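The structure appears right after this line, and notes come after that.
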Amino acid sequence: ELGEIMVLMYHEIGCPESEWRRTPDNFRRDLETLYELGYRAISLTDLARGSIDIPAGTSPVVFTFDDGNKGNFNYLEINGELKIDPDCAVAIMEDFHQENPDFGLEATFFIYYPNPFRQPEYIEKKINYLVEKGFEIGNHSYSHASLARLTPETIQQELSWHLKSTREYLPGYQVNSLALPYGAYPKEPELAIRGSSENIVYEHES
């Protein structure tokens with residue numbers, strides 16, 4: 001009613017709890033609390049476009065995960081079989097959605113390269129899995145660089161190279177959003193929104 005929408009930014013799901021880390025149990029409690037309070041998940045792209053389709057009487061909430069840490073999406077090999085770690089963010093959100101389908105299954109994973117999610121042998125598998133499930137891949141620059149310290153040319157390289165790397169796994173994929181590493185804006189803020197390098201054009205809606 002106030003026209004404000006909560007965006008929750010997580011970095012790592014794991015132990016122990018710290019400023020940048022949420023334990024799996026506490027993350028589960030977060031989801032349960034939000035659900036009980038009437039929140040329903042929407043995507044960051046839908047927020048940017050004003051396309052919010054949730055039941056009357058509920059409130060939208062956006063989930064984001066920065067840095068592509070292992071605890072956000074982790075594979076375990078159990079008895080020779082590859083399974084998603086039940087205590088990583090992706091598994092917890094999927095399990096919660098299975099129990100509460102009306103909550104929604106939406107989140108943006110702001111990753112950087114060259115090793116998102118810290119299991120290099122599974123990068124392609126993970127990125128494709130996320131998109132197939134309806135999650136979004138967001139730009140966090142190519143190397144988690146502080147854009148405030150870079151030249152305009154290097155800023156555009158960092159953001160374009162991220163898009164190029166993502167499209168190596170997801171041909172034609174459009175990265176719609178940017179999470180600024182360290183929260184640092186470039187000296188020319190418009191370069192966070194759109195730019196190009198080596199004929200690769202990026203444009204962020206949020």
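Following the order of the structure tokens, chains are lettered A, B, ..., residues in each are numbered from 1, and ligands are numbered from 1.
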Item to check | Exercise: Gly183 (chain A) partners within 10 Å, only C-alpha atoms, chain neighbours under 4 positions left out, as number ranges by chain | outcome: A: 146-148, 179
Item to check | All residues 12 Å or closer to region 57-64 of chain A, only C-alpha atoms, same chain fewer than 5 positions away omitted, as a count of residues only | outcome: 56
Next on the checklist: Using DSSP secondary structure from the backbone, list all alpha helix (DSSP H) positions within region 4-185 of chain A, as a PyMOL selection string.
Outcome noted: chain A and resi 24-36+44-49+89-99+123-132+152-169
Item to check | Between CA of Arg28 (chain A) and CA of Glu99 (chain A) - distance in Å to one decimal | outcome: 12.1 Å
What's the 8 Å shell around Trp161 (chain A), counting only C-alpha atoms, without same-chain residues fewer than 2 positions away, as a PDB file with N, CA, C and O atoms, in the first residue's frame?
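Final output, saved to selection-v2.pdb:
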```pdb
ATOM      1  N   SER A 141      29.364  -7.852 -12.539  1.00  0.00           N
ATOM      2  CA  SER A 141      30.619  -7.572 -13.235  1.00  0.00           C
ATOM      3  C   SER A 141      31.340  -8.894 -13.517  1.00  0.00           C
ATOM      4  O   SER A 141      31.005  -9.932 -12.936  1.00  0.00           O
ATOM      5  N   TYR A 142      32.327  -8.852 -14.381  1.00  0.00           N
ATOM      6  CA  TYR A 142      33.028 -10.082 -14.730  1.00  0.00           C
ATOM      7  C   TYR A 142      33.881 -10.584 -13.565  1.00  0.00           C
ATOM      8  O   TYR A 142      33.897 -11.780 -13.266  1.00  0.00           O
ATOM      9  N   GLN A 157      33.932  -3.004 -20.284  1.00  0.00           N
ATOM     10  CA  GLN A 157      34.514  -4.326 -20.488  1.00  0.00           C
ATOM     11  C   GLN A 157      34.015  -5.291 -19.418  1.00  0.00           C
ATOM     12  O   GLN A 157      33.591  -6.417 -19.716  1.00  0.00           O
ATOM     13  N   GLU A 158      34.062  -4.863 -18.154  1.00  0.00           N
ATOM     14  CA  GLU A 158      33.644  -5.724 -17.042  1.00  0.00           C
ATOM     15  C   GLU A 158      32.191  -6.179 -17.207  1.00  0.00           C
ATOM     16  O   GLU A 158      31.868  -7.349 -17.000  1.00  0.00           O
ATOM     17  N   LEU A 159      31.322  -5.269 -17.582  1.00  0.00           N
ATOM     18  CA  LEU A 159      29.903  -5.604 -17.670  1.00  0.00           C
ATOM     19  C   LEU A 159      29.578  -6.359 -18.950  1.00  0.00           C
ATOM     20  O   LEU A 159      28.718  -7.239 -18.960  1.00  0.00           O
ATOM     21  N   LEU A 163      28.291 -10.544 -19.635  1.00  0.00           N
ATOM     22  CA  LEU A 163      27.230 -10.961 -20.546  1.00  0.00           C
ATOM     23  C   LEU A 163      27.758 -11.981 -21.554  1.00  0.00           C
ATOM     24  O   LEU A 163      27.102 -12.997 -21.832  1.00  0.00           O
ATOM     25  N   LYS A 164      28.953 -11.728 -22.075  1.00  0.00           N
ATOM     26  CA  LYS A 164      29.556 -12.657 -23.038  1.00  0.00           C
ATOM     27  C   LYS A 164      29.756 -14.032 -22.407  1.00  0.00           C
ATOM     28  O   LYS A 164      29.442 -15.063 -23.023  1.00  0.00           O
ATOM     29  N   SER A 165      30.258 -14.060 -21.182  1.00  0.00           N
ATOM     30  CA  SER A 165      30.517 -15.336 -20.501  1.00  0.00           C
ATOM     31  C   SER A 165      29.214 -16.072 -20.217  1.00  0.00           C
ATOM     32  O   SER A 165      29.136 -17.295 -20.375  1.00  0.00           O
ATOM     33  N   SER A 197      31.165  -3.139 -25.291  1.00  0.00           N
ATOM     34  CA  SER A 197      32.588  -3.385 -25.462  1.00  0.00           C
ATOM     35  C   SER A 197      32.739  -4.565 -26.404  1.00  0.00           C
ATOM     36  O   SER A 197      32.034  -5.579 -26.264  1.00  0.00           O
ATOM     37  N   ILE A 200      29.686  -6.120 -27.863  1.00  0.00           N
ATOM     38  CA  ILE A 200      28.728  -6.741 -26.938  1.00  0.00           C
ATOM     39  C   ILE A 200      28.017  -5.614 -26.195  1.00  0.00           C
ATOM     40  O   ILE A 200      28.637  -4.815 -25.506  1.00  0.00           O
TER      41      ILE A 200
END
```
Checklist entry - Which one of A:Arg29, A:Lys126, A:His97, A:Arg167 sits closest to Asn74 (chain A) if you count only C-alpha atoms? => result A:Lys126
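With distances restricted to only C-alpha atoms, A:Gly14 is the closest residue to Ile92 (chain A) from A:Gly14, A:Pro189, A:Gly134, A:Pro171.
Neighbouring residues of His144 (chain A) at 9 Å or closer, counting only C-alpha atoms and skipping chain neighbours under 5 positions away, are Asp67, Ile111, Tyr112, Tyr113, Glu158, Leu180, Pro181 and Tyr182 of chain A.
Pairwise distance (CA of Tyr173 (chain A), CA of Leu150 (chain A)) equals 26.1 Å.
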Next on the checklist: Can you tell me, as an MDAnalysis selection string, which residues in region 28-153 of chain A count as strand (DSSP E) by DSSP?
Outcome noted: chainID A and resid 39:41 59:66 75:78 81:84 108:111 136:139
Taking C-alpha atoms for each residue, export the selection above as a compact mmCIF listing (two decimals), in the first residue's frame.
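So the final result, stored in out25.txt, reads:
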```txt
# COMPACT_ATOMS: atom_id res chain seq x y z
CA TYR A 39 4.59 -12.29 1.28
CA ARG A 40 4.87 -13.90 -2.14
CA ALA A 41 8.02 -14.06 -4.28
CA SER A 59 2.74 -8.56 -0.57
CA PRO A 60 5.59 -8.98 -3.08
CA VAL A 61 9.15 -9.80 -2.03
CA VAL A 62 12.28 -10.14 -4.17
CA PHE A 63 15.17 -12.52 -3.41
CA THR A 64 18.70 -11.89 -4.64
CA PHE A 65 21.94 -13.79 -4.02
CA ASP A 66 25.27 -12.06 -4.58
CA TYR A 75 26.27 -30.28 -5.89
CA LEU A 76 27.17 -33.30 -3.78
CA GLU A 77 28.27 -36.68 -5.09
CA ILE A 78 26.54 -39.37 -3.02
CA GLU A 81 25.18 -39.96 -7.96
CA LEU A 82 25.14 -36.19 -8.32
CA LYS A 83 22.57 -34.45 -6.10
CA ILE A 84 21.84 -30.87 -5.12
CA THR A 108 18.14 -13.54 -9.08
CA PHE A 109 21.66 -14.93 -8.74
CA PHE A 110 24.25 -12.19 -9.25
CA ILE A 111 27.34 -14.12 -10.27
CA GLU A 136 17.42 -15.25 -13.20
CA ILE A 137 21.13 -14.68 -13.77
CA GLY A 138 22.25 -11.15 -12.91
CA ASN A 139 25.38 -9.15 -13.69
```
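Comparing the minimum interatomic distances between Asp25 (chain A) and each of A:Asp87, A:Glu168, A:Glu188, A:Glu94, counting only C-alpha atoms, we find that A:Asp87 sits nearest.
Nearest-residue note for Val131 (chain A): choosing from A:Ile155, A:Cys88, A:Leu170, A:Cys15, the minimum distance belongs to A:Leu170, counting only C-alpha atoms.
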